[in-house]
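Participant: Quick one, work11.txt (compact mmCIF, C-alpha atoms):
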```
# COMPACT_ATOMS: atom_id res chain seq x y z
CA MET U 1 20.89 21.02 -44.70
CA LEU U 2 18.40 22.03 -47.39
CA LEU U 3 18.79 21.74 -51.15
CA LYS U 4 17.20 24.73 -52.89
CA ARG U 5 17.68 26.73 -56.06
CA VAL U 6 18.84 30.37 -55.82
CA VAL U 7 16.39 32.42 -57.90
CA ALA U 8 17.25 35.98 -56.88
CA SER U 9 20.03 37.89 -55.18
CA GLU U 10 20.20 40.97 -52.97
CA GLY U 11 18.25 43.98 -54.12
CA GLU U 12 16.10 42.01 -56.56
CA GLN U 13 12.35 41.85 -56.28
CA VAL U 14 10.65 38.46 -56.18
CA GLU U 15 7.01 37.51 -56.56
CA PHE U 16 4.81 34.60 -57.59
CA CYS U 17 1.83 35.22 -59.84
CA GLU U 18 -0.40 32.22 -60.61
CA GLY U 19 2.63 29.95 -60.25
CA ARG U 20 4.93 32.06 -62.46
CA LEU U 21 8.05 33.29 -60.71
CA LEU U 22 8.80 36.95 -61.46
CA VAL U 23 12.15 38.54 -60.69
CA ASN U 24 12.20 42.32 -61.05
CA GLY U 25 8.85 42.02 -62.80
CA LYS U 26 10.11 39.61 -65.49
CA GLU U 27 9.05 35.99 -65.66
CA LEU U 28 11.88 33.58 -64.99
CA GLU U 29 12.09 30.60 -67.33
CA GLU U 30 12.05 27.52 -65.17
CA PRO U 31 12.25 24.33 -67.26
CA TYR U 32 13.33 22.41 -64.13
CA VAL U 33 9.91 22.78 -62.48
CA ARG U 34 8.16 19.51 -63.28
CA TYR U 35 4.79 20.13 -61.68
CA PRO U 36 3.18 23.52 -62.30
CA CYS U 37 1.66 25.33 -59.35
CA ARG U 38 -0.69 28.28 -58.89
CA TRP U 39 1.17 30.04 -56.12
CA ASN U 40 0.68 33.73 -55.46
CA LEU U 41 3.07 35.78 -53.39
CA SER U 42 3.18 39.55 -53.25
CA PRO U 43 6.42 41.29 -54.37
CA ARG U 44 9.25 41.51 -51.85
CA GLN U 45 12.83 42.71 -52.08
CA VAL U 46 15.77 40.50 -51.20
CA GLU U 47 17.69 42.09 -48.35
CA LYS U 48 21.42 42.85 -48.27
CA ASP U 49 23.74 39.81 -48.01
CA CYS U 50 20.83 37.49 -48.70
CA VAL U 51 19.58 35.32 -51.55
CA TYR U 52 16.09 34.06 -52.31
CA VAL U 53 15.75 30.29 -52.69
CA VAL U 54 12.92 28.06 -53.88
CA GLY U 55 12.73 24.29 -54.34
CA ASP U 56 11.93 22.74 -57.73
CA ASN U 57 9.16 20.54 -56.36
CA ARG U 58 6.14 22.84 -56.14
CA ASN U 59 3.23 20.44 -56.31
CA MET U 60 1.99 21.39 -52.85
CA PRO U 61 0.21 24.46 -51.45
CA ILE U 62 2.50 27.44 -50.97
CA GLU U 63 2.02 27.27 -47.18
CA ASN U 64 3.56 23.79 -47.14
CA HIS U 65 6.63 24.63 -49.19
CA HIS U 66 9.69 25.73 -47.30
CA PHE U 67 11.28 28.56 -49.31
CA GLY U 68 12.30 32.19 -48.98
CA GLN U 69 15.12 34.55 -48.19
CA THR U 70 18.21 33.36 -46.41
CA SER U 71 21.59 34.76 -45.52
CA LYS U 72 24.38 34.13 -48.07
CA ASP U 73 26.67 32.78 -45.37
CA ARG U 74 24.34 29.83 -44.91
CA ILE U 75 25.27 28.51 -48.37
CA VAL U 76 27.59 25.56 -47.86
CA GLY U 77 27.85 24.04 -51.32
CA VAL U 78 26.81 23.84 -54.94
CA PRO U 79 25.67 20.89 -57.10
CA LEU U 80 28.43 18.97 -58.86
CA TRP U 81 26.50 18.82 -62.13
CA MET B 1 66.00 -9.24 -20.23
CA LYS B 2 65.18 -5.71 -19.00
CA ILE B 3 64.53 -4.59 -22.59
CA LYS B 4 62.12 -7.49 -23.06
CA TYR B 5 60.08 -6.41 -20.00
CA LEU B 6 60.20 -2.82 -21.15
CA LEU B 7 58.89 -3.74 -24.61
CA VAL B 8 56.08 -5.84 -23.11
CA GLY B 9 55.21 -2.91 -20.81
CA VAL B 10 55.12 -0.45 -23.72
CA LEU B 11 53.01 -2.88 -25.76
CA ILE B 12 50.49 -3.27 -22.93
CA LEU B 13 50.35 0.50 -22.55
CA VAL B 14 49.73 1.03 -26.28
CA VAL B 15 47.02 -1.68 -26.35
CA GLY B 16 45.43 -0.08 -23.28
CA ILE B 17 45.37 3.38 -24.86
CA VAL B 18 43.95 2.09 -28.15
CA ALA B 19 41.28 0.05 -26.31
CA GLY B 20 40.44 3.09 -24.18
CA ILE B 21 40.03 5.31 -27.22
CA THR B 22 37.95 2.83 -29.19
CA LEU B 23 35.88 1.18 -26.47
CA ILE B 24 35.10 4.03 -24.09
CA PRO B 25 32.65 6.33 -25.91
CA SER B 26 33.60 9.98 -26.04
CA GLU B 27 31.15 12.60 -24.81
CA GLU B 28 30.40 13.45 -28.43
CA LYS B 29 29.46 9.83 -29.14
CA ARG B 30 27.23 9.79 -26.05
CA VAL B 31 25.44 12.93 -27.28
CA ARG B 32 25.02 11.41 -30.76
CA LYS B 33 23.60 8.29 -29.16
CA GLN B 34 20.79 10.37 -27.58
CA PHE B 35 19.78 11.67 -31.00
CA SER B 36 19.86 8.18 -32.40
CA LEU B 37 17.56 6.96 -29.59
CA LEU B 38 15.20 9.90 -30.07
CA SER B 39 15.01 9.12 -33.79
CA GLN B 40 14.36 5.45 -33.06
CA TRP B 41 11.64 6.11 -30.50
CA VAL B 42 9.83 8.87 -32.38
CA SER B 43 9.75 6.84 -35.60
CA LYS B 44 6.74 4.63 -36.15
CA SER B 45 5.94 1.74 -38.49
CA SER B 46 2.44 0.96 -39.73
CA GLU B 47 2.51 -2.31 -37.76
CA GLU B 48 3.31 -0.72 -34.40
CA ASN B 49 1.13 -2.17 -31.65
CA ALA B 50 -0.21 -0.42 -28.53
CA PHE B 51 2.39 -1.97 -26.24
CA THR B 52 5.30 -0.77 -28.41
CA MET B 53 3.70 2.67 -28.66
CA LEU B 54 3.43 2.99 -24.86
CA GLN B 55 6.97 1.75 -24.40
CA LYS B 56 8.30 4.27 -26.94
CA MET B 57 6.39 7.14 -25.31
CA LYS B 58 7.87 6.21 -21.95
CA ASN B 59 11.34 5.92 -23.48
CA ILE B 60 11.09 9.34 -25.16
CA GLY B 61 10.52 10.92 -21.74
CA THR B 62 13.76 9.43 -20.40
CA LEU B 63 15.78 11.45 -22.93
CA PHE B 64 14.54 14.78 -21.59
CA ASP B 65 15.58 16.92 -18.68
CA GLU B 66 13.00 17.37 -15.93
CA HIS B 67 12.10 20.66 -17.61
CA CYS B 68 12.77 21.25 -21.27
CA GLU B 69 12.34 24.49 -23.18
CA ILE B 70 10.80 23.91 -26.61
CA LYS B 71 10.36 26.53 -29.33
CA ILE B 72 8.56 25.32 -32.46
CA PRO B 73 6.74 28.39 -33.85
CA ASP B 74 5.15 26.41 -36.75
CA GLN B 75 3.32 24.20 -34.27
CA SER B 76 2.56 27.02 -31.81
CA LEU B 77 4.62 25.08 -29.35
CA SER B 78 6.63 27.35 -27.15
CA GLY B 79 7.42 27.11 -23.47
CA ILE B 80 8.89 24.98 -20.76
CA TYR B 81 7.55 21.44 -20.60
CA THR B 82 8.05 18.68 -18.07
CA ARG B 83 9.39 15.31 -19.10
CA GLN B 84 5.89 13.88 -18.69
CA GLU B 85 4.34 16.59 -20.87
CA VAL B 86 6.90 15.96 -23.62
CA SER B 87 6.14 12.27 -23.50
CA THR B 88 2.37 12.86 -23.61
CA TYR B 89 2.68 15.39 -26.44
CA ALA B 90 4.84 13.00 -28.47
CA GLY B 91 2.27 10.23 -27.96
CA SER B 92 -0.58 12.51 -28.97
CA ALA B 93 1.24 13.73 -32.11
CA ARG B 94 2.14 10.16 -33.08
CA SER B 95 -1.51 9.13 -32.90
CA TYR B 96 -2.25 11.27 -36.00
CA ILE B 97 0.48 9.54 -37.95
CA SER B 98 0.42 6.01 -39.30
CA GLU B 99 4.03 5.89 -40.48
CA LEU B 100 6.83 8.13 -39.32
CA ASP B 101 10.56 8.29 -39.85
CA LEU B 102 12.68 10.87 -38.06
CA LYS B 103 16.28 11.29 -39.16
CA PHE B 104 18.93 13.69 -37.91
CA HIS B 105 21.67 14.92 -40.24
CA ASP B 106 24.79 17.11 -40.12
CA LEU B 107 25.13 17.20 -36.33
CA ARG B 108 27.61 19.86 -35.18
CA ILE B 109 28.34 19.40 -31.50
CA ILE B 110 30.17 21.84 -29.27
CA PHE B 111 30.68 21.85 -25.53
CA PRO B 112 30.54 25.51 -24.45
CA GLU B 113 30.74 24.53 -20.79
CA GLU B 114 31.34 21.41 -18.81
CA LYS B 115 28.23 19.19 -18.87
CA ILE B 116 26.57 21.30 -21.57
CA ALA B 117 26.38 20.29 -25.23
CA ARG B 118 25.02 22.57 -27.94
CA VAL B 119 24.02 20.78 -31.13
CA ASN B 120 23.06 22.28 -34.45
CA LEU B 121 21.49 19.85 -36.89
CA THR B 122 18.99 19.17 -39.63
CA ALA B 123 15.94 17.09 -38.78
CA ARG B 124 13.86 15.37 -41.45
CA LEU B 125 10.47 13.95 -40.69
CA THR B 126 8.80 11.81 -43.33
CA GLY B 127 5.75 9.61 -43.21
CA LYS B 128 2.04 9.42 -43.70
CA SER B 129 -0.81 10.76 -41.60
CA THR B 130 -3.73 8.54 -40.58
CA ALA B 131 -5.77 10.47 -43.20
CA GLY B 132 -3.30 9.32 -45.86
CA GLU B 133 -1.52 12.67 -46.36
CA ARG B 134 2.20 12.62 -47.02
CA VAL B 135 4.39 14.19 -44.34
CA ASP B 136 7.78 15.57 -45.39
CA GLU B 137 9.29 18.26 -43.20
CA THR B 138 12.88 19.38 -42.95
CA ARG B 139 13.95 21.86 -40.30
CA GLU B 140 17.14 23.17 -38.77
CA LEU B 141 17.29 22.67 -35.02
CA GLU B 142 19.42 23.94 -32.22
CA CYS B 143 19.41 21.74 -29.15
CA VAL B 144 21.03 22.00 -25.76
CA LEU B 145 21.69 18.88 -23.74
CA ARG B 146 22.78 18.83 -20.11
CA LYS B 147 24.70 16.02 -18.49
CA ILE B 148 22.84 14.91 -15.42
CA ASP B 149 23.77 11.76 -13.51
CA LYS B 150 26.06 10.64 -16.35
CA GLN B 151 23.19 11.00 -18.85
CA TRP B 152 22.94 13.60 -21.62
CA LEU B 153 19.38 14.97 -21.52
CA PHE B 154 17.60 17.36 -23.87
CA SER B 155 16.98 20.64 -22.07
CA GLN B 156 16.29 22.97 -25.04
CA ILE B 157 15.00 22.34 -28.56
CA GLU B 158 14.50 25.23 -30.92
CA VAL B 159 13.51 25.29 -34.57
CA ILE B 160 15.69 27.83 -36.37
CA GLU B 161 13.91 29.72 -39.11
CA VAL B 162 16.46 29.88 -41.92
CA LEU B 163 14.08 30.91 -44.69
CA LYS B 164 11.83 33.97 -44.63
CA LYS B 165 9.10 34.08 -47.24
```
So that I can check it, write out the structure of this file as structure tokens.

Facilitator:
Amino acid sequence: MLLKRVVASEGEQVEFCEGRLLVNGKELEEPYVRYPCRWNLSPRQVEKDCVYVVGDNRNMPIENHHFGQTSKDRIVGVPLW
Amino acid sequence: MKIKYLLVGVLILVVGIVAGITLIPSEEKRVRKQFSLLSQWVSKSSEENAFTMLQKMKNIGTLFDEHCEIKIPDQSLSGIYTRQEVSTYAGSARSYISELDLKFHDLRIIFPEEKIARVNLTARLTGKSTAGERVDETRELECVLRKIDKQWLFSQIEVIEVLKK
């Protein structure tokens, strides 16, 4: 089981630009990210019945971080607070 | 008098059933035990000596079927490996790591056929490489174990890609 934050839902476009997360071209405010990163990822659209998830800990190279699109039916829970 | 014997008989029967349930491990418990052993033998402390390392490598091999299909795309590891090859590969991979802790979580075990167990689980590998880099990998796995000579042995291990960048 993985613990990740949902940042975009189906149909939305996601990209990273110098560490800033853009959803549909707009920067997402992410006060929960403690360590800034300089990730770059070209725009991609979230497919039907999927969500896009990213972890809050981004102090490693993008290749080493396990994030991306996953099917909604894989979600098994939400945080209690 | 007859009632007394009957009660004693029933009591013995109940004790027997309870003891059977609690003492004789179920197939599910036997399968879980194999994961626990794999975790124990793959894990490594910084003080591990050469003798322990060799013993663990040998032990890891005993958990695998004579031929095991492994699919780990991240590591370019894909194919059918013999028990000996699995053991050698594990030993080689461990030599790059100074500390290693492998834990298995959320095991879901089903028995689609007799003597076949399919297990879906989360594996977390943490530790430190010999170069001092931190290792922290979490992956979803699907494993198939076959019961051979009363032993549950790993015959397939596949890393399931749940996230697509």

Participant: Pick out the chain B residues within 6 Å of chain U. Count only C-alpha atoms. Give them as a list in words.

Facilitator: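 The answer, sorted by residue number, is Thr122, Val162, Leu163, Lys164 and Lys165 of chain B.
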
Participant: Do you know which residues lie at most 9 Å from (0.6, 25.9, -59.7), with coordinates as in the file and only C-alpha atoms counted, and could you write them as a list in words?

Facilitator: Glu18, Gly19, Arg20, Tyr35, Pro36, Cys37, Arg38, Trp39, Asn40, Arg58, Asn59, Met60 and Pro61 of chain U

Participant: Between B:Val15, B:Leu54, B:Ala131, B:Leu102, which residue has the minimum interatomic distance to B:Gln40, considering only C-alpha atoms?

Facilitator: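 Smallest distance to B:Gln40 is found for B:Leu102.
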
Participant: What gap, in Å, lies between atom CA of U:Pro79 and atom CA of U:Gly55?

Facilitator: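 Going from atom CA of U:Pro79 over to atom CA of U:Gly55, I get 13.7 Å.
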
Participant: Excluding same-chain residues fewer than 6 positions from stretch 75-88 of chain B, what lies within 12 Å of it counting all atoms listed in the file, as a list in words?

Facilitator: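 So the residues in contact are Leu38, Trp41, Val42, Met53, Leu54, Gln55, Lys56, Met57, Lys58, Asn59, Ile60, Gly61, Thr62, Leu63, Phe64, Asp65, Glu66, His67, Cys68, Glu69, Arg94, Ser95, Leu153, Phe154, Ser155, Gln156, Ile157, Glu158 and Val159 of chain B.
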
Participant: Please measure the separation of atom CA of B:Thr126 and atom CA of B:Arg146, giving the value in Å to one decimal.

Facilitator: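 That distance, rounded to one decimal, is 28.0 Å.
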
Participant: For atom CA of U:Ser42 and atom CA of B:Arg139, determine how far apart the two atoms are, in Å to one decimal place.

Facilitator: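 Atom CA of U:Ser42 sits 24.4 Å away from atom CA of B:Arg139.
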
Participant: What lies within 7 Å of U:Val46 using only C-alpha atoms, ignoring chain neighbours under 6 positions off, as an mmCIF file with C-alpha atoms, in the frame of the given file?

Facilitator:
```
data_model
loop_
_atom_site.group_PDB
_atom_site.id
_atom_site.type_symbol
_atom_site.label_atom_id
_atom_site.label_comp_id
_atom_site.auth_asym_id
_atom_site.auth_seq_id
_atom_site.Cartn_x
_atom_site.Cartn_y
_atom_site.Cartn_z
ATOM 1 C CA SER U 9 20.030 37.890 -55.180
ATOM 2 C CA GLU U 10 20.200 40.970 -52.970
ATOM 3 C CA GLY U 11 18.250 43.980 -54.120
ATOM 4 C CA GLU U 12 16.100 42.010 -56.560
ATOM 5 C CA GLN U 13 12.350 41.850 -56.280
ATOM 6 C CA TYR U 52 16.090 34.060 -52.310
ATOM 7 C CA GLN U 69 15.120 34.550 -48.190
#
```
